[in-house]
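J.: Sharing upload33.txt (compact mmCIF, C-alpha atoms) below.
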```txt
# COMPACT_ATOMS: atom_id res chain seq x y z
CA MET A 1473 -19.19 -38.77 52.02
CA ASN A 1474 -18.90 -42.45 51.12
CA THR A 1475 -16.15 -44.49 52.76
CA ALA A 1476 -14.90 -47.58 50.93
CA VAL A 1477 -14.77 -50.60 53.14
CA THR A 1478 -12.10 -53.15 52.33
CA THR A 1479 -12.31 -56.64 53.69
CA PRO A 1480 -8.94 -57.76 55.01
CA MET A 1481 -7.60 -61.06 53.72
CA PRO A 1482 -7.27 -63.89 56.21
CA PRO A 1483 -3.77 -64.13 57.68
CA HIS A 1484 -2.76 -67.28 55.81
CA ALA A 1485 -4.77 -66.80 52.62
CA SER A 1486 -2.99 -66.93 49.29
CA PRO A 1487 -4.17 -65.66 45.93
CA THR A 1488 -5.93 -68.14 43.67
CA PRO A 1489 -3.31 -69.63 41.31
CA THR A 1490 -3.79 -68.92 37.64
CA PRO A 1491 -3.95 -72.15 35.62
CA ARG A 1492 -1.12 -72.57 33.16
CA PRO A 1493 -2.15 -72.37 29.51
CA ARG A 1494 -2.32 -75.63 27.60
CA LEU A 1495 0.64 -76.28 25.31
CA ARG A 1496 -0.12 -75.33 21.75
CA GLY A 1497 0.49 -77.11 18.49
CA LEU A 1498 2.45 -80.34 18.61
CA THR A 1499 4.78 -79.29 21.40
CA ALA A 1500 3.57 -81.98 23.80
CA GLU A 1501 3.75 -84.68 21.13
CA ALA A 1502 7.31 -83.68 20.23
CA VAL A 1503 8.34 -83.85 23.90
CA PHE A 1504 6.88 -87.33 24.34
CA VAL A 1505 8.39 -88.58 21.08
CA GLY A 1506 11.79 -87.50 22.40
CA ARG A 1507 11.05 -89.17 25.73
CA SER A 1508 10.15 -92.47 24.06
CA LEU A 1509 13.22 -92.37 21.83
CA ARG A 1510 15.47 -91.82 24.85
CA HIS A 1511 13.83 -94.75 26.62
CA SER A 1512 14.43 -96.90 23.53
CA LEU A 1513 18.12 -96.01 23.43
CA ARG A 1514 18.46 -96.83 27.12
CA ASP A 1515 16.68 -100.14 26.60
CA SER A 1516 19.41 -101.35 24.28
CA GLU A 1517 18.58 -105.04 24.73
CA SER A 1518 15.05 -104.68 23.36
CA LEU A 1519 16.28 -102.47 20.53
CA LEU A 1520 19.00 -104.95 19.62
CA MET A 1521 16.62 -107.92 19.68
CA ALA A 1522 14.11 -106.09 17.49
CA ILE A 1523 16.84 -105.87 14.84
CA MET A 1524 18.85 -109.03 15.42
CA LEU A 1525 15.97 -111.48 15.64
CA PRO A 1526 14.59 -110.73 12.14
CA VAL A 1527 18.13 -110.75 10.75
CA MET A 1528 18.79 -114.16 12.32
CA LEU A 1529 15.47 -115.43 10.95
CA MET A 1530 16.45 -114.28 7.47
CA LEU A 1531 19.85 -115.96 7.71
CA MET A 1532 18.22 -119.16 8.99
CA PHE A 1533 15.58 -119.27 6.27
CA THR A 1534 18.14 -118.39 3.60
CA TRP A 1535 21.07 -120.61 4.59
CA VAL A 1536 19.38 -123.43 6.53
CA PHE A 1537 15.96 -123.92 4.91
CA GLY A 1538 16.47 -122.08 1.63
CA GLY A 1539 18.24 -124.92 -0.15
CA ALA A 1540 15.43 -127.34 0.63
CA ILE A 1541 12.69 -124.88 -0.36
CA ASP A 1542 14.37 -123.58 -3.52
CA PRO A 1543 17.62 -125.34 -4.58
CA SER A 1544 18.33 -122.59 -7.14
CA GLY A 1545 19.23 -120.17 -4.33
CA ALA A 1546 16.54 -117.66 -5.26
CA TYR A 1547 14.62 -118.15 -2.03
CA VAL A 1548 16.26 -115.08 -0.51
CA ASP A 1549 14.35 -112.89 -2.97
CA TYR A 1550 11.10 -114.50 -1.87
CA VAL A 1551 11.69 -114.37 1.87
CA VAL A 1552 13.00 -110.80 2.38
CA PRO A 1553 9.52 -109.16 2.07
CA GLY A 1554 8.24 -111.51 4.77
CA ILE A 1555 11.22 -110.73 7.00
CA ILE A 1556 10.49 -107.00 6.58
CA LEU A 1557 6.99 -107.46 8.05
CA THR A 1558 8.33 -109.76 10.76
CA CYS A 1559 10.86 -107.07 11.69
CA ALA A 1560 8.08 -104.48 11.91
CA GLY A 1561 6.06 -106.76 14.17
CA PHE A 1562 8.92 -107.44 16.58
CA GLY A 1563 9.78 -103.75 16.75
CA ALA A 1564 6.21 -102.62 17.30
CA SER A 1565 5.52 -105.22 20.00
CA SER A 1566 7.76 -103.37 22.46
CA THR A 1567 5.30 -100.45 22.32
CA ALA A 1568 2.73 -102.55 24.18
CA VAL A 1569 5.21 -103.12 27.00
CA TYR A 1570 6.23 -99.44 27.19
CA VAL A 1571 2.59 -98.29 27.33
CA ALA A 1572 1.70 -100.90 29.95
CA ASN A 1573 4.69 -99.79 32.03
CA ASP A 1574 3.50 -96.17 31.92
CA MET A 1575 0.00 -97.18 32.98
CA ARG A 1576 1.22 -99.30 35.88
CA SER A 1577 3.84 -96.86 37.17
CA GLY A 1578 1.28 -94.09 37.69
CA ILE A 1579 3.17 -91.54 35.63
CA ILE A 1580 0.08 -91.03 33.47
CA ASP A 1581 -1.70 -89.55 36.51
CA ARG A 1582 1.18 -87.08 36.91
CA PHE A 1583 0.96 -86.12 33.26
CA ARG A 1584 -2.77 -85.45 33.71
CA THR A 1585 -1.93 -82.61 36.13
CA MET A 1586 0.04 -80.84 33.40
CA PRO A 1587 -1.44 -78.49 30.79
CA LEU A 1588 -1.16 -80.92 27.87
CA ARG A 1589 -3.30 -83.36 25.94
CA ALA A 1590 -3.22 -86.67 27.75
CA GLY A 1591 -3.27 -88.54 24.44
CA ALA A 1592 0.12 -87.01 23.59
CA VAL A 1593 1.72 -89.74 25.70
CA LEU A 1594 0.31 -92.43 23.40
CA THR A 1595 1.24 -90.46 20.29
CA GLY A 1596 4.82 -90.18 21.53
CA HIS A 1597 5.11 -93.93 21.94
CA VAL A 1598 3.67 -94.61 18.49
CA VAL A 1599 5.74 -92.08 16.54
CA ALA A 1600 8.95 -93.15 18.27
CA SER A 1601 8.19 -96.78 17.44
CA VAL A 1602 7.59 -95.94 13.78
CA LEU A 1603 10.96 -94.17 13.58
CA ARG A 1604 12.74 -97.08 15.29
CA ASN A 1605 11.11 -99.61 12.99
CA LEU A 1606 11.96 -97.71 9.81
CA VAL A 1607 15.63 -97.76 10.81
CA ALA A 1608 15.43 -101.48 11.63
CA THR A 1609 13.71 -102.17 8.29
CA ALA A 1610 16.49 -100.40 6.40
CA ILE A 1611 19.06 -102.51 8.26
CA VAL A 1612 17.20 -105.73 7.41
CA ILE A 1613 17.03 -104.82 3.72
CA GLY A 1614 20.74 -103.98 3.78
CA VAL A 1615 21.59 -107.36 5.32
CA GLY A 1616 19.37 -109.03 2.73
CA VAL A 1617 21.39 -107.41 -0.04
CA LEU A 1618 24.59 -108.71 1.57
CA VAL A 1619 23.29 -112.31 1.50
CA GLY A 1620 22.12 -112.17 -2.11
CA PHE A 1621 18.85 -110.24 -2.27
CA ARG A 1622 18.65 -108.37 -5.56
CA PRO A 1623 15.65 -106.01 -5.80
CA THR A 1624 14.69 -104.55 -9.18
CA ALA A 1625 12.59 -101.69 -7.82
CA SER A 1626 12.58 -98.32 -9.54
CA PRO A 1627 12.81 -95.04 -7.57
CA GLY A 1628 9.03 -94.75 -7.73
CA ASP A 1629 8.68 -98.30 -6.42
CA TRP A 1630 10.99 -97.52 -3.50
CA ILE A 1631 8.89 -94.46 -2.62
CA ALA A 1632 5.68 -96.51 -2.76
CA LEU A 1633 7.38 -99.23 -0.72
CA GLY A 1634 8.40 -96.72 1.95
CA GLY A 1635 4.87 -95.36 2.12
CA LEU A 1636 3.29 -98.81 2.47
CA ILE A 1637 5.78 -99.99 5.10
CA THR A 1638 5.31 -96.77 7.09
CA LEU A 1639 1.53 -97.16 6.94
CA TYR A 1640 1.76 -100.79 8.06
CA ILE A 1641 4.14 -99.97 10.92
CA LEU A 1642 1.89 -97.11 12.03
CA ALA A 1643 -1.18 -99.38 12.01
CA ILE A 1644 0.38 -102.29 13.88
CA THR A 1645 2.12 -99.98 16.36
CA TYR A 1646 -1.17 -98.30 17.28
CA LEU A 1647 -2.65 -101.78 17.68
CA PHE A 1648 0.15 -102.80 20.03
CA ALA A 1649 -0.27 -99.53 21.96
CA ALA A 1650 -3.95 -100.34 22.45
CA ILE A 1651 -2.98 -103.83 23.63
CA GLY A 1652 -0.64 -102.21 26.14
CA LEU A 1653 -3.54 -100.14 27.46
CA ALA A 1654 -5.85 -103.16 27.63
CA ALA A 1655 -3.33 -105.42 29.40
CA GLY A 1656 -3.12 -105.41 33.15
CA SER A 1657 0.68 -105.58 33.25
CA PRO A 1658 3.73 -105.32 30.97
CA GLU A 1659 4.04 -109.11 31.10
CA GLY A 1660 0.46 -109.51 29.93
CA ALA A 1661 0.99 -106.96 27.15
CA ASN A 1662 4.02 -108.91 25.98
CA GLY A 1663 2.04 -112.15 25.94
CA TYR A 1664 -0.99 -110.76 24.11
CA GLY A 1665 1.19 -109.03 21.54
CA PHE A 1666 3.17 -112.19 20.90
CA VAL A 1667 0.08 -113.79 19.37
CA LEU A 1668 0.08 -111.21 16.56
CA LEU A 1669 3.68 -112.05 15.69
CA PHE A 1670 2.53 -115.42 14.36
CA LEU A 1671 0.42 -113.89 11.56
CA PRO A 1672 3.31 -113.69 9.03
CA TYR A 1673 3.86 -117.45 9.40
CA LEU A 1674 0.23 -118.06 8.36
CA SER A 1675 0.58 -116.01 5.19
CA SER A 1676 2.57 -116.06 1.96
CA ALA A 1677 5.51 -114.40 3.72
CA PHE A 1678 7.67 -117.55 3.82
CA VAL A 1679 5.98 -120.07 1.53
CA PRO A 1680 3.36 -119.76 -1.25
CA VAL A 1681 -0.24 -120.13 -0.13
CA ALA A 1682 -0.75 -122.92 -2.68
CA SER A 1683 1.78 -125.10 -0.84
CA MET A 1684 -0.30 -125.09 2.36
CA PRO A 1685 -3.03 -127.63 3.26
CA GLU A 1686 -6.32 -126.91 1.52
CA TRP A 1687 -8.14 -126.10 4.76
CA LEU A 1688 -5.49 -123.50 5.64
CA GLN A 1689 -5.27 -121.79 2.26
CA PRO A 1690 -8.42 -119.60 2.68
CA VAL A 1691 -7.14 -118.40 6.06
CA ALA A 1692 -3.72 -117.53 4.66
CA ALA A 1693 -5.11 -115.89 1.53
CA HIS A 1694 -7.62 -113.63 3.28
CA GLN A 1695 -5.71 -112.43 6.32
CA PRO A 1696 -4.09 -108.94 6.36
CA ILE A 1697 -0.44 -109.98 6.01
CA THR A 1698 -0.74 -111.79 2.67
CA PRO A 1699 -1.82 -108.81 0.50
CA ILE A 1700 0.70 -106.57 2.26
CA VAL A 1701 3.62 -108.95 1.73
CA GLU A 1702 2.58 -109.64 -1.89
CA THR A 1703 2.49 -105.89 -2.55
CA ILE A 1704 5.96 -105.44 -1.04
CA ARG A 1705 7.21 -108.37 -3.12
CA SER A 1706 5.78 -106.89 -6.30
CA LEU A 1707 7.34 -103.48 -5.62
CA LEU A 1708 10.76 -104.96 -4.86
CA LEU A 1709 10.88 -107.63 -7.57
CA GLY A 1710 8.48 -106.38 -10.24
CA THR A 1711 6.01 -109.27 -9.94
CA ASP A 1712 2.33 -108.86 -10.76
CA ALA A 1713 0.34 -108.18 -7.59
CA GLY A 1714 -3.08 -107.81 -9.22
CA THR A 1715 -5.51 -106.20 -6.78
CA GLN A 1716 -3.37 -106.97 -3.75
CA PRO A 1717 -2.08 -103.36 -3.32
CA TRP A 1718 -5.64 -102.10 -2.85
CA TRP A 1719 -6.33 -104.78 -0.27
CA ALA A 1720 -3.02 -104.02 1.45
CA VAL A 1721 -3.82 -100.34 1.87
CA LEU A 1722 -7.40 -101.12 2.92
CA TRP A 1723 -6.26 -103.57 5.59
CA CYS A 1724 -3.74 -101.06 6.96
CA VAL A 1725 -6.34 -98.30 7.12
CA VAL A 1726 -8.91 -100.56 8.79
CA ILE A 1727 -6.40 -101.81 11.39
CA LEU A 1728 -5.24 -98.25 12.06
CA GLY A 1729 -8.79 -96.93 12.43
CA VAL A 1730 -9.85 -99.72 14.79
CA ALA A 1731 -6.66 -99.38 16.85
CA VAL A 1732 -6.96 -95.58 17.20
CA VAL A 1733 -10.62 -95.75 18.27
CA TRP A 1734 -9.99 -98.65 20.65
CA GLY A 1735 -6.88 -97.02 22.10
CA ALA A 1736 -8.63 -93.67 22.62
CA TRP A 1737 -11.52 -95.38 24.40
CA LEU A 1738 -9.17 -97.37 26.62
CA PHE A 1739 -7.10 -94.29 27.43
CA ARG A 1740 -10.15 -92.27 28.46
CA ARG A 1741 -11.48 -95.13 30.55
CA LYS A 1742 -8.20 -95.92 32.33
CA ALA A 1743 -6.44 -92.57 32.49
CA GLY A 1744 -9.47 -90.31 32.70
CA ARG A 1745 -10.66 -87.57 30.36
CA ARG A 1746 -8.68 -84.34 30.35
```
Output the file's structure as structure tokens, nothing else.
T.:
Amino acid sequence: MNTAVTTPMPPHASPTPTPRPRLRGLTAEAVFVGRSLRHSLRDSESLLMAIMLPVMLMLMFTWVFGGAIDPSGAYVDYVVPGIILTCAGFGASSTAVYVANDMRSGIIDRFRTMPLRAGAVLTGHVVASVLRNLVATAIVIGVGVLVGFRPTASPGDWIALGGLITLYILAITYLFAAIGLAAGSPEGANGYGFVLLFLPYLSSAFVPVASMPEWLQPVAAHQPITPIVETIRSLLLGTDAGTQPWWAVLWCVVILGVAVVWGAWLFRRKAGRR
């Protein structure tokens, strides 16, 4: 007769915990998008500045400089597309600071212990920034209409405009998120990102390229902002953009691709691979 022998468990032994299943679908991303939006609402000063600063720039260029640039008063139609991109840049720049804050505070290490994709944190910051910037862009266009901006865009043009602006905001926001990962501190992220905010001033956003010094014209004509702003201007005002829309989309896709790859590499290197 066989007798089964059971080995008693040690007095203080506990059963091996079963790992929690990883969240499925986009659940983690949705949670982090909500988290980033709540942080944005609590940081009312940054949110207000991201909207008020472009509006003040538009009022300054329209009422202070506009008469000297174009005495006919039509300068507002020229400058609003540039203000739209400036607004997107100011709004996206806060993403670099938020990401750098998360990296410095150590909360990323806590998220790594949870059953979720670590990259969902970055996705949450980016998507929330895109939503914030779209609202700010709509406000800027509305203020432009109040000060005399008169777009002639058709419904199809408005749809194309929304698609291009969303693509641009997505690209530049991912770039700022990568800068936040690369920076050693939120202050550094803010400083590095500030350099990118000067690009619209070296483009056709505020003055025609032909009015610039000859040595500066090639730089202004072949940087990413000029084809994007010319495409926005053509959609809003019905001007001929030539091949600029193709260049605008290409620049956005290239910036987005580089930013996503760079950001993913930085995240794996600094936060560890899940």
J.: With distances taken over only C-alpha atoms, which residue among A:Leu1642, A:Ile1556, A:Val1679, A:Leu1520 lies nearest Ala1610 (chain A)?
T.: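 The answer is A:Ile1556, which sits nearest to Ala1610 (chain A).
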J.: CA of Ile1555 (chain A) to CA of Met1530 (chain A): how many Å, to one decimal?
T.: 6.3 Å
J.: So, counting all atoms listed in the file, which residue among A:Val1617, A:Ala1632, A:Val1691, A:Met1528 is closest to Thr1703 (chain A)?
T.: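 Checking each of A:Val1617, A:Ala1632, A:Val1691, A:Met1528 against Thr1703 (chain A), counting all atoms listed in the file, the winner is A:Ala1632.
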J.: Find the distance between CA of Pro1526 (chain A) and CA of Phe1562 (chain A) and write it in Å to one decimal.
T.: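 So the two atoms, CA of Pro1526 (chain A) and CA of Phe1562 (chain A), lie 7.9 Å apart.
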J.: So, counting only C-alpha atoms, which residue among A:Ile1631, A:Leu1653, A:Leu1618, A:Ala1560 is closest to Ile1523 (chain A)?
T.: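 The shortest atom-to-atom distance to Ile1523 (chain A) comes from A:Ala1560.
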J.: At what distance in Å, to one decimal, does CA of Val1548 (chain A) lie from CA of Val1725 (chain A)?
T.: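 If I compute the distance from CA of Val1725 (chain A) to CA of Val1548 (chain A), I get 29.2 Å.
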J.: Pick out the closest residue to Thr1645 (chain A) from this set: A:Gly1554, A:Pro1685, A:Gly1538, A:Gly1729. Count all atoms listed in the file.
T.: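 Of A:Gly1554, A:Pro1685, A:Gly1538, A:Gly1729, the one nearest Thr1645 (chain A) is A:Gly1729, counting all atoms listed in the file.
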J.: Counting only C-alpha atoms, what is within 10 Å of Gln1695 (chain A), bar same-chain residues fewer than 2 positions away, as a compact mmCIF listing (two decimals) with C-alpha atoms, keeping the file's coordinate frame?
T.:
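Saved result, part_13.txt, follows:
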```txt
# COMPACT_ATOMS: atom_id res chain seq x y z
CA LEU A 1671 0.42 -113.89 11.56
CA PRO A 1672 3.31 -113.69 9.03
CA LEU A 1674 0.23 -118.06 8.36
CA SER A 1675 0.58 -116.01 5.19
CA PRO A 1690 -8.42 -119.60 2.68
CA VAL A 1691 -7.14 -118.40 6.06
CA ALA A 1692 -3.72 -117.53 4.66
CA ALA A 1693 -5.11 -115.89 1.53
CA ILE A 1697 -0.44 -109.98 6.01
CA THR A 1698 -0.74 -111.79 2.67
CA PRO A 1699 -1.82 -108.81 0.50
CA ILE A 1700 0.70 -106.57 2.26
CA TRP A 1723 -6.26 -103.57 5.59
```
J.: Around the point (23.8, -114.3, 3.2), in the coordinates given by the file, pick out the residues reaching within 12 Å, counting all atoms listed in the file, and return them as number ranges by chain.
T.: A: 1527-1536, 1538, 1545-1549, 1552, 1612-1622
J.: Counting all atoms listed in the file, note down every residue that has an atom within 10 Å of the point (13.8, -105.3, -10.8) (file coordinates), as number ranges by chain.
T.: A: 1622-1626, 1629, 1706-1711
J.: Output the selection as a compact mmCIF listing (two decimals), in the coordinates of the input - C-alpha atoms for each residue.
T.:
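Once written, out.txt looks like this:
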```txt
# COMPACT_ATOMS: atom_id res chain seq x y z
CA ARG A 1622 18.65 -108.37 -5.56
CA PRO A 1623 15.65 -106.01 -5.80
CA THR A 1624 14.69 -104.55 -9.18
CA ALA A 1625 12.59 -101.69 -7.82
CA SER A 1626 12.58 -98.32 -9.54
CA ASP A 1629 8.68 -98.30 -6.42
CA SER A 1706 5.78 -106.89 -6.30
CA LEU A 1707 7.34 -103.48 -5.62
CA LEU A 1708 10.76 -104.96 -4.86
CA LEU A 1709 10.88 -107.63 -7.57
CA GLY A 1710 8.48 -106.38 -10.24
CA THR A 1711 6.01 -109.27 -9.94
```
J.: Would you please work out which residue, of A:Ser1676, A:Thr1638, A:Ser1657, A:Thr1558, is nearest to Cys1724 (chain A) when using all atoms listed in the file?
T.: A:Thr1638
J.: Taking all atoms listed in the file into account, name the residue in A:Phe1648, A:Trp1719, A:Phe1678, A:Trp1630 that is nearest to Thr1567 (chain A).
T.: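 Result for the nearest residue to Thr1567 (chain A): A:Phe1648.
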